[in-house]
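Just below is one structure, and these are the notes that go with it.
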Amino acid sequence: WPPDYRAVFASRIKLLTLLKTDPKARQAALAHYASHPTDFILDWGVTYDPRSKPTLMPFCLFPRQVELVEYLHACVTDQEHGLIEKCRDAGATWVCCAFSVWLWLFWPGAAVGFGSRKEELVDRLGDPKCIFDKVRQIINYLPRDIFWPEGFNPKEHMTFMKVVNPENGATIAGEAGDNIGRGGRTLIYFKDESAHYPRPELIEAALGDNTNVQVDISSVNGLGNVFHRR
């Protein structure tokens, strides 16, 4: 890694050693992370960029991404809808995935939904472009003996378009196309590239009864569509 990334990983190793050897420090850290998603992502998150070497790197949030984490936290806390107008390389989807993993770990019973216009954009095993591959990478690179839930088995609990926390009942689930919003109730629902849905009004109707926190994430796609109106 470049020197700055090596320094980040060295700091993480030092912190991990402390958490493994000092039960009080571990308990205090987990209590802190439970209400500070930004610190959790900065300390333990990873991201992926195929253009860099190595491709995997610590998720060092830049200031606008920190604001986005705080914004998502406020949406959940205040039960308000949100919208993210994104550009390329802003890392908005990565931030939403990392925030979802934080909810999955620290909000018992949380149900997080992700939807996109095509199934392969939500999940396709081994495809780093899809949403759930990002979620899996973030979970897989967490220190297992510190953060993995009791009884968590990736083969059983991290399957196609679904991740289950067997310890606290939290879930992250995916849907695609016109089925978005028809899968029960969620704490928060992320609509990826929502300005590009072919039949957005159907999805709006379904999500109206699904969640109190609907977050649209998209690049712009002209005027008059649901994303533009929001």
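Residue numbers start at 1 in each chain; chains themselves are named A, B, ... in the order of the structure tokens; ligands are numbered from 1 in the order shown.
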
Helix (DSSP H, G or I) positions in stretch 21-207 of chain A, given as a VMD selection string:
chain A and resid 21 23 to 33 37 to 44 63 to 78 92 to 106 119 to 122 131 to 140 144 to 147 154 to 157 177 to 179 194 to 196 200 to 207

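Counting only C-alpha atoms, stretch 171-176 of chain A has the following residues at most 6 Å away, ignoring those fewer than 5 positions along the same chain: Ala111, Val112, Gly113, Phe114, Gly115, Ser116, Arg117, Lys118, Glu119, Met161, Lys162, Val163 and Val164 of chain A.
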
Who sits within 10 Å of A:Ile146, only C-alpha atoms, same chain under 2 positions skipped, as a VMD selection string
chain A and resid 16 19 to 20 26 30 142 to 144 148 to 149

Near stretch 32-48 of chain A, within 10 Å and counting only C-alpha atoms, which residues show up once chain neighbours fewer than 4 positions away are dropped, as a ChimeraX atom specification?
/A:8-9,11-12,15-16,26-28,52,54-62,65-70,72-73,91,94-95,98-103,105-107,128-129,134-135,137-143,147

Can I get the selection written as a short mmCIF file (atom, residue, chain, number, x, y, z; two decimals), in the first residue's frame, with C-alpha atoms?
```cif
data_model
loop_
_atom_site.label_atom_id
_atom_site.label_comp_id
_atom_site.auth_asym_id
_atom_site.auth_seq_id
_atom_site.Cartn_x
_atom_site.Cartn_y
_atom_site.Cartn_z
CA VAL A 8 -3.96 3.38 8.52
CA PHE A 9 -3.55 -0.39 8.66
CA SER A 11 -3.17 2.01 13.38
CA ARG A 12 -5.92 -0.60 12.92
CA LEU A 15 -6.35 -0.80 17.94
CA LEU A 16 -7.27 -4.42 17.23
CA ARG A 26 -13.43 -3.65 23.81
CA GLN A 27 -16.68 -3.02 25.68
CA ALA A 28 -16.13 0.76 25.55
CA SER A 52 -5.53 1.04 -7.87
CA PRO A 54 -3.73 -2.97 -4.36
CA THR A 55 -7.41 -2.89 -5.24
CA LEU A 56 -8.59 -3.20 -1.62
CA MET A 57 -7.98 -0.25 0.65
CA PRO A 58 -9.14 1.17 3.99
CA PHE A 59 -12.28 3.28 3.69
CA CYS A 60 -10.78 6.69 4.51
CA LEU A 61 -13.87 8.86 4.26
CA PHE A 62 -13.34 12.31 2.82
CA GLN A 65 -18.62 11.26 2.73
CA VAL A 66 -18.54 11.96 6.48
CA GLU A 67 -21.44 14.37 5.94
CA LEU A 68 -23.28 11.63 4.02
CA VAL A 69 -22.91 9.14 6.89
CA GLU A 70 -24.23 11.74 9.33
CA LEU A 72 -28.12 8.86 6.69
CA HIS A 73 -27.93 8.56 10.48
CA GLY A 91 -18.40 6.61 -3.30
CA TRP A 94 -20.07 2.36 -0.84
CA VAL A 95 -21.01 4.74 1.99
CA ALA A 98 -20.99 0.59 4.98
CA PHE A 99 -23.76 2.41 6.86
CA SER A 100 -26.05 -0.57 6.27
CA VAL A 101 -23.46 -2.94 7.76
CA TRP A 102 -23.28 -0.64 10.79
CA LEU A 103 -27.07 -0.86 11.18
CA LEU A 105 -24.39 -4.91 13.56
CA PHE A 106 -25.65 -2.35 16.05
CA TRP A 107 -29.44 -1.92 15.53
CA PRO A 128 -17.58 -6.11 -7.53
CA LYS A 129 -19.91 -3.66 -9.28
CA LYS A 134 -19.69 -4.40 -1.54
CA VAL A 135 -21.66 -5.44 1.56
CA GLN A 137 -16.48 -7.30 1.29
CA ILE A 138 -17.10 -4.93 4.19
CA ILE A 139 -18.32 -7.76 6.43
CA ASN A 140 -15.62 -10.22 5.36
CA TYR A 141 -12.83 -7.80 6.27
CA LEU A 142 -14.16 -6.95 9.72
CA PRO A 143 -12.19 -8.51 12.61
CA PHE A 147 -17.53 -7.79 15.21
#
```

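Here atom CA of A:Glu167 stands at a distance of 5.5 Å from atom CA of A:Glu150.
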
Run DSSP on the backbone and grab whatever in stretch 1-229 of chain A lands in strand (DSSP E or B); send it over as a PDB file with N, CA, C and O atoms, in the first residue's frame.
```pdb
ATOM      1  N   VAL A  46     -13.676  -1.033   4.610  1.00  0.00           N
ATOM      2  CA  VAL A  46     -12.799  -1.172   3.443  1.00  0.00           C
ATOM      3  C   VAL A  46     -13.589  -0.769   2.196  1.00  0.00           C
ATOM      4  O   VAL A  46     -14.820  -0.757   2.201  1.00  0.00           O
ATOM      5  N   THR A  47     -12.868  -0.448   1.146  1.00  0.00           N
ATOM      6  CA  THR A  47     -13.470  -0.169  -0.140  1.00  0.00           C
ATOM      7  C   THR A  47     -12.590  -0.763  -1.229  1.00  0.00           C
ATOM      8  O   THR A  47     -11.474  -1.206  -0.959  1.00  0.00           O
ATOM      9  N   TYR A  48     -13.103  -0.767  -2.447  1.00  0.00           N
ATOM     10  CA  TYR A  48     -12.431  -1.465  -3.544  1.00  0.00           C
ATOM     11  C   TYR A  48     -12.398  -0.569  -4.769  1.00  0.00           C
ATOM     12  O   TYR A  48     -13.394   0.076  -5.104  1.00  0.00           O
ATOM     13  N   LEU A  56      -7.884  -3.355  -2.889  1.00  0.00           N
ATOM     14  CA  LEU A  56      -8.595  -3.198  -1.620  1.00  0.00           C
ATOM     15  C   LEU A  56      -7.861  -2.191  -0.763  1.00  0.00           C
ATOM     16  O   LEU A  56      -6.634  -2.228  -0.659  1.00  0.00           O
ATOM     17  N   MET A  57      -8.614  -1.295  -0.140  1.00  0.00           N
ATOM     18  CA  MET A  57      -7.982  -0.249   0.654  1.00  0.00           C
ATOM     19  C   MET A  57      -8.881   0.121   1.839  1.00  0.00           C
ATOM     20  O   MET A  57     -10.090  -0.148   1.812  1.00  0.00           O
ATOM     21  N   PRO A  58      -8.300   0.711   2.878  1.00  0.00           N
ATOM     22  CA  PRO A  58      -9.143   1.171   3.992  1.00  0.00           C
ATOM     23  C   PRO A  58     -10.082   2.274   3.518  1.00  0.00           C
ATOM     24  O   PRO A  58      -9.731   3.073   2.645  1.00  0.00           O
ATOM     25  N   GLY A  82     -34.790  10.661   2.267  1.00  0.00           N
ATOM     26  CA  GLY A  82     -33.594  11.369   1.856  1.00  0.00           C
ATOM     27  C   GLY A  82     -33.319  11.169   0.378  1.00  0.00           C
ATOM     28  O   GLY A  82     -33.899  10.287  -0.266  1.00  0.00           O
ATOM     29  N   LEU A  83     -32.434  11.990  -0.164  1.00  0.00           N
ATOM     30  CA  LEU A  83     -32.056  11.886  -1.570  1.00  0.00           C
ATOM     31  C   LEU A  83     -30.582  12.235  -1.712  1.00  0.00           C
ATOM     32  O   LEU A  83     -30.090  13.178  -1.084  1.00  0.00           O
ATOM     33  N   ILE A  84     -29.885  11.439  -2.539  1.00  0.00           N
ATOM     34  CA  ILE A  84     -28.464  11.656  -2.788  1.00  0.00           C
ATOM     35  C   ILE A  84     -28.270  11.782  -4.291  1.00  0.00           C
ATOM     36  O   ILE A  84     -28.430  10.812  -5.028  1.00  0.00           O
ATOM     37  N   GLU A  85     -27.959  12.986  -4.751  1.00  0.00           N
ATOM     38  CA  GLU A  85     -27.618  13.188  -6.156  1.00  0.00           C
ATOM     39  C   GLU A  85     -26.114  12.972  -6.291  1.00  0.00           C
ATOM     40  O   GLU A  85     -25.319  13.763  -5.780  1.00  0.00           O
ATOM     41  N   ALA A 111     -34.086  -3.779   9.556  1.00  0.00           N
ATOM     42  CA  ALA A 111     -34.278  -4.365   8.225  1.00  0.00           C
ATOM     43  C   ALA A 111     -33.903  -3.296   7.205  1.00  0.00           C
ATOM     44  O   ALA A 111     -34.552  -2.260   7.104  1.00  0.00           O
ATOM     45  N   VAL A 112     -32.837  -3.563   6.466  1.00  0.00           N
ATOM     46  CA  VAL A 112     -32.334  -2.635   5.460  1.00  0.00           C
ATOM     47  C   VAL A 112     -32.657  -3.200   4.079  1.00  0.00           C
ATOM     48  O   VAL A 112     -32.413  -4.384   3.813  1.00  0.00           O
ATOM     49  N   GLY A 113     -33.212  -2.378   3.201  1.00  0.00           N
ATOM     50  CA  GLY A 113     -33.528  -2.818   1.850  1.00  0.00           C
ATOM     51  C   GLY A 113     -32.700  -2.086   0.809  1.00  0.00           C
ATOM     52  O   GLY A 113     -32.406  -0.896   0.972  1.00  0.00           O
ATOM     53  N   PHE A 114     -32.322  -2.809  -0.229  1.00  0.00           N
ATOM     54  CA  PHE A 114     -31.643  -2.212  -1.382  1.00  0.00           C
ATOM     55  C   PHE A 114     -32.382  -2.621  -2.641  1.00  0.00           C
ATOM     56  O   PHE A 114     -32.739  -3.800  -2.806  1.00  0.00           O
ATOM     57  N   GLY A 115     -32.592  -1.680  -3.534  1.00  0.00           N
ATOM     58  CA  GLY A 115     -33.228  -2.002  -4.810  1.00  0.00           C
ATOM     59  C   GLY A 115     -32.552  -1.290  -5.955  1.00  0.00           C
ATOM     60  O   GLY A 115     -31.997  -0.201  -5.783  1.00  0.00           O
ATOM     61  N   SER A 116     -32.598  -1.917  -7.125  1.00  0.00           N
ATOM     62  CA  SER A 116     -32.109  -1.282  -8.347  1.00  0.00           C
ATOM     63  C   SER A 116     -32.932  -1.791  -9.517  1.00  0.00           C
ATOM     64  O   SER A 116     -33.748  -2.701  -9.373  1.00  0.00           O
ATOM     65  N   MET A 158     -25.105 -15.233   4.686  1.00  0.00           N
ATOM     66  CA  MET A 158     -24.731 -14.209   3.720  1.00  0.00           C
ATOM     67  C   MET A 158     -24.912 -14.800   2.324  1.00  0.00           C
ATOM     68  O   MET A 158     -23.953 -15.153   1.636  1.00  0.00           O
ATOM     69  N   THR A 159     -26.173 -14.923   1.922  1.00  0.00           N
ATOM     70  CA  THR A 159     -26.535 -15.605   0.683  1.00  0.00           C
ATOM     71  C   THR A 159     -26.929 -14.583  -0.385  1.00  0.00           C
ATOM     72  O   THR A 159     -26.774 -13.373  -0.200  1.00  0.00           O
ATOM     73  N   LYS A 162     -29.229 -11.384   0.321  1.00  0.00           N
ATOM     74  CA  LYS A 162     -29.680 -11.338   1.713  1.00  0.00           C
ATOM     75  C   LYS A 162     -28.518 -11.595   2.666  1.00  0.00           C
ATOM     76  O   LYS A 162     -27.705 -12.484   2.439  1.00  0.00           O
ATOM     77  N   VAL A 163     -28.475 -10.788   3.736  1.00  0.00           N
ATOM     78  CA  VAL A 163     -27.503 -10.973   4.812  1.00  0.00           C
ATOM     79  C   VAL A 163     -28.268 -10.908   6.126  1.00  0.00           C
ATOM     80  O   VAL A 163     -29.015  -9.956   6.372  1.00  0.00           O
ATOM     81  N   VAL A 164     -28.084 -11.927   6.949  1.00  0.00           N
ATOM     82  CA  VAL A 164     -28.829 -12.053   8.203  1.00  0.00           C
ATOM     83  C   VAL A 164     -27.862 -12.005   9.383  1.00  0.00           C
ATOM     84  O   VAL A 164     -26.795 -12.630   9.336  1.00  0.00           O
ATOM     85  N   THR A 171     -31.327  -7.585   9.233  1.00  0.00           N
ATOM     86  CA  THR A 171     -31.165  -8.121   7.879  1.00  0.00           C
ATOM     87  C   THR A 171     -30.837  -7.003   6.894  1.00  0.00           C
ATOM     88  O   THR A 171     -31.187  -5.844   7.101  1.00  0.00           O
ATOM     89  N   ILE A 172     -30.158  -7.385   5.815  1.00  0.00           N
ATOM     90  CA  ILE A 172     -29.984  -6.543   4.641  1.00  0.00           C
ATOM     91  C   ILE A 172     -30.480  -7.371   3.467  1.00  0.00           C
ATOM     92  O   ILE A 172     -29.981  -8.477   3.234  1.00  0.00           O
ATOM     93  N   ALA A 173     -31.470  -6.880   2.740  1.00  0.00           N
ATOM     94  CA  ALA A 173     -32.084  -7.665   1.664  1.00  0.00           C
ATOM     95  C   ALA A 173     -32.186  -6.831   0.395  1.00  0.00           C
ATOM     96  O   ALA A 173     -32.305  -5.605   0.448  1.00  0.00           O
ATOM     97  N   GLY A 174     -32.153  -7.517  -0.751  1.00  0.00           N
ATOM     98  CA  GLY A 174     -32.201  -6.831  -2.027  1.00  0.00           C
ATOM     99  C   GLY A 174     -33.403  -7.223  -2.865  1.00  0.00           C
ATOM    100  O   GLY A 174     -33.945  -8.322  -2.726  1.00  0.00           O
ATOM    101  N   GLU A 175     -33.808  -6.313  -3.746  1.00  0.00           N
ATOM    102  CA  GLU A 175     -34.895  -6.538  -4.698  1.00  0.00           C
ATOM    103  C   GLU A 175     -34.542  -5.815  -5.999  1.00  0.00           C
ATOM    104  O   GLU A 175     -33.649  -4.963  -6.016  1.00  0.00           O
ATOM    105  N   ALA A 176     -35.267  -6.144  -7.069  1.00  0.00           N
ATOM    106  CA  ALA A 176     -34.949  -5.529  -8.351  1.00  0.00           C
ATOM    107  C   ALA A 176     -36.207  -5.276  -9.173  1.00  0.00           C
ATOM    108  O   ALA A 176     -37.244  -5.927  -8.985  1.00  0.00           O
ATOM    109  N   THR A 186     -39.310  -2.297   6.042  1.00  0.00           N
ATOM    110  CA  THR A 186     -37.900  -2.020   6.290  1.00  0.00           C
ATOM    111  C   THR A 186     -37.727  -0.777   7.146  1.00  0.00           C
ATOM    112  O   THR A 186     -38.557   0.143   7.121  1.00  0.00           O
ATOM    113  N   ILE A 188     -35.022   1.178   6.645  1.00  0.00           N
ATOM    114  CA  ILE A 188     -34.550   2.122   5.644  1.00  0.00           C
ATOM    115  C   ILE A 188     -34.435   1.384   4.322  1.00  0.00           C
ATOM    116  O   ILE A 188     -34.047   0.212   4.287  1.00  0.00           O
ATOM    117  N   TYR A 189     -34.794   2.061   3.236  1.00  0.00           N
ATOM    118  CA  TYR A 189     -34.727   1.436   1.912  1.00  0.00           C
ATOM    119  C   TYR A 189     -33.944   2.337   0.969  1.00  0.00           C
ATOM    120  O   TYR A 189     -34.281   3.506   0.780  1.00  0.00           O
ATOM    121  N   PHE A 190     -32.884   1.775   0.383  1.00  0.00           N
ATOM    122  CA  PHE A 190     -32.050   2.499  -0.571  1.00  0.00           C
ATOM    123  C   PHE A 190     -32.473   2.149  -1.996  1.00  0.00           C
ATOM    124  O   PHE A 190     -32.488   0.981  -2.371  1.00  0.00           O
ATOM    125  N   LYS A 191     -32.800   3.155  -2.787  1.00  0.00           N
ATOM    126  CA  LYS A 191     -33.154   2.969  -4.197  1.00  0.00           C
ATOM    127  C   LYS A 191     -31.972   3.427  -5.046  1.00  0.00           C
ATOM    128  O   LYS A 191     -31.768   4.619  -5.245  1.00  0.00           O
ATOM    129  N   ASP A 192     -31.198   2.460  -5.537  1.00  0.00           N
ATOM    130  CA  ASP A 192     -29.999   2.777  -6.298  1.00  0.00           C
ATOM    131  C   ASP A 192     -30.362   3.171  -7.728  1.00  0.00           C
ATOM    132  O   ASP A 192     -31.161   2.504  -8.389  1.00  0.00           O
ATOM    133  N   THR A 211     -41.679   1.492   4.031  1.00  0.00           N
ATOM    134  CA  THR A 211     -40.683   2.126   4.884  1.00  0.00           C
ATOM    135  C   THR A 211     -41.021   3.582   5.163  1.00  0.00           C
ATOM    136  O   THR A 211     -41.674   4.244   4.351  1.00  0.00           O
ATOM    137  N   GLN A 214     -36.994   6.337   3.016  1.00  0.00           N
ATOM    138  CA  GLN A 214     -36.683   5.966   1.643  1.00  0.00           C
ATOM    139  C   GLN A 214     -35.584   6.894   1.140  1.00  0.00           C
ATOM    140  O   GLN A 214     -35.744   8.110   1.119  1.00  0.00           O
ATOM    141  N   VAL A 215     -34.452   6.316   0.745  1.00  0.00           N
ATOM    142  CA  VAL A 215     -33.315   7.118   0.307  1.00  0.00           C
ATOM    143  C   VAL A 215     -33.039   6.831  -1.170  1.00  0.00           C
ATOM    144  O   VAL A 215     -32.676   5.710  -1.527  1.00  0.00           O
ATOM    145  N   ASP A 216     -33.249   7.828  -2.005  1.00  0.00           N
ATOM    146  CA  ASP A 216     -32.950   7.714  -3.432  1.00  0.00           C
ATOM    147  C   ASP A 216     -31.481   8.063  -3.665  1.00  0.00           C
ATOM    148  O   ASP A 216     -31.014   9.125  -3.233  1.00  0.00           O
ATOM    149  N   ILE A 217     -30.776   7.183  -4.373  1.00  0.00           N
ATOM    150  CA  ILE A 217     -29.371   7.422  -4.734  1.00  0.00           C
ATOM    151  C   ILE A 217     -29.289   7.363  -6.249  1.00  0.00           C
ATOM    152  O   ILE A 217     -29.591   6.327  -6.838  1.00  0.00           O
ATOM    153  N   SER A 218     -28.873   8.435  -6.899  1.00  0.00           N
ATOM    154  CA  SER A 218     -28.849   8.369  -8.352  1.00  0.00           C
ATOM    155  C   SER A 218     -28.047   9.509  -8.956  1.00  0.00           C
ATOM    156  O   SER A 218     -27.909  10.587  -8.358  1.00  0.00           O
TER     157      SER A 218
END
```

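Residues surrounding A:Leu207 within 9 Å are Ile180, Gly181, Arg182, Arg185, Tyr189, Leu202, Ile203, Thr211, Asn212 and Gln214 of chain A [only C-alpha atoms; sequence separation below 4 positions excluded].
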
For the selection just defined, write its residues with N, CA, C and O atoms to a file, as a compact mmCIF listing (two decimals), in the first residue's frame.
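The file below, out_27.txt, is the result:
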```txt
# COMPACT_ATOMS: atom_id res chain seq x y z
N ILE A 180 -39.37 -3.96 -6.38
CA ILE A 180 -38.83 -3.12 -5.31
C ILE A 180 -39.95 -2.67 -4.38
O ILE A 180 -40.97 -2.16 -4.82
N GLY A 181 -39.74 -2.87 -3.09
CA GLY A 181 -40.69 -2.41 -2.09
C GLY A 181 -41.79 -3.38 -1.76
O GLY A 181 -42.64 -3.10 -0.90
N ARG A 182 -41.79 -4.56 -2.38
CA ARG A 182 -42.88 -5.51 -2.13
C ARG A 182 -42.49 -6.60 -1.14
O ARG A 182 -43.25 -7.53 -0.91
N ARG A 185 -41.52 -5.03 5.32
CA ARG A 185 -41.28 -3.71 5.90
C ARG A 185 -39.80 -3.53 6.18
O ARG A 185 -39.10 -4.48 6.54
N TYR A 189 -34.79 2.06 3.24
CA TYR A 189 -34.73 1.44 1.91
C TYR A 189 -33.94 2.34 0.97
O TYR A 189 -34.28 3.51 0.78
N LEU A 202 -44.80 2.70 -10.03
CA LEU A 202 -45.15 1.43 -9.39
C LEU A 202 -44.33 1.22 -8.12
O LEU A 202 -44.84 0.76 -7.09
N ILE A 203 -43.05 1.58 -8.20
CA ILE A 203 -42.16 1.41 -7.05
C ILE A 203 -42.53 2.38 -5.94
O ILE A 203 -42.53 2.02 -4.76
N THR A 211 -41.68 1.49 4.03
CA THR A 211 -40.68 2.13 4.88
C THR A 211 -41.02 3.58 5.16
O THR A 211 -41.67 4.24 4.35
N ASN A 212 -40.54 4.07 6.30
CA ASN A 212 -40.64 5.49 6.61
C ASN A 212 -39.39 6.25 6.19
O ASN A 212 -39.36 7.48 6.27
N GLN A 214 -36.99 6.34 3.02
CA GLN A 214 -36.68 5.97 1.64
C GLN A 214 -35.58 6.89 1.14
O GLN A 214 -35.74 8.11 1.12
```

Take atom CA of A:Ala205 and atom CA of A:Gly224 and report the distance between them in Å, one decimal.
17.3 Å
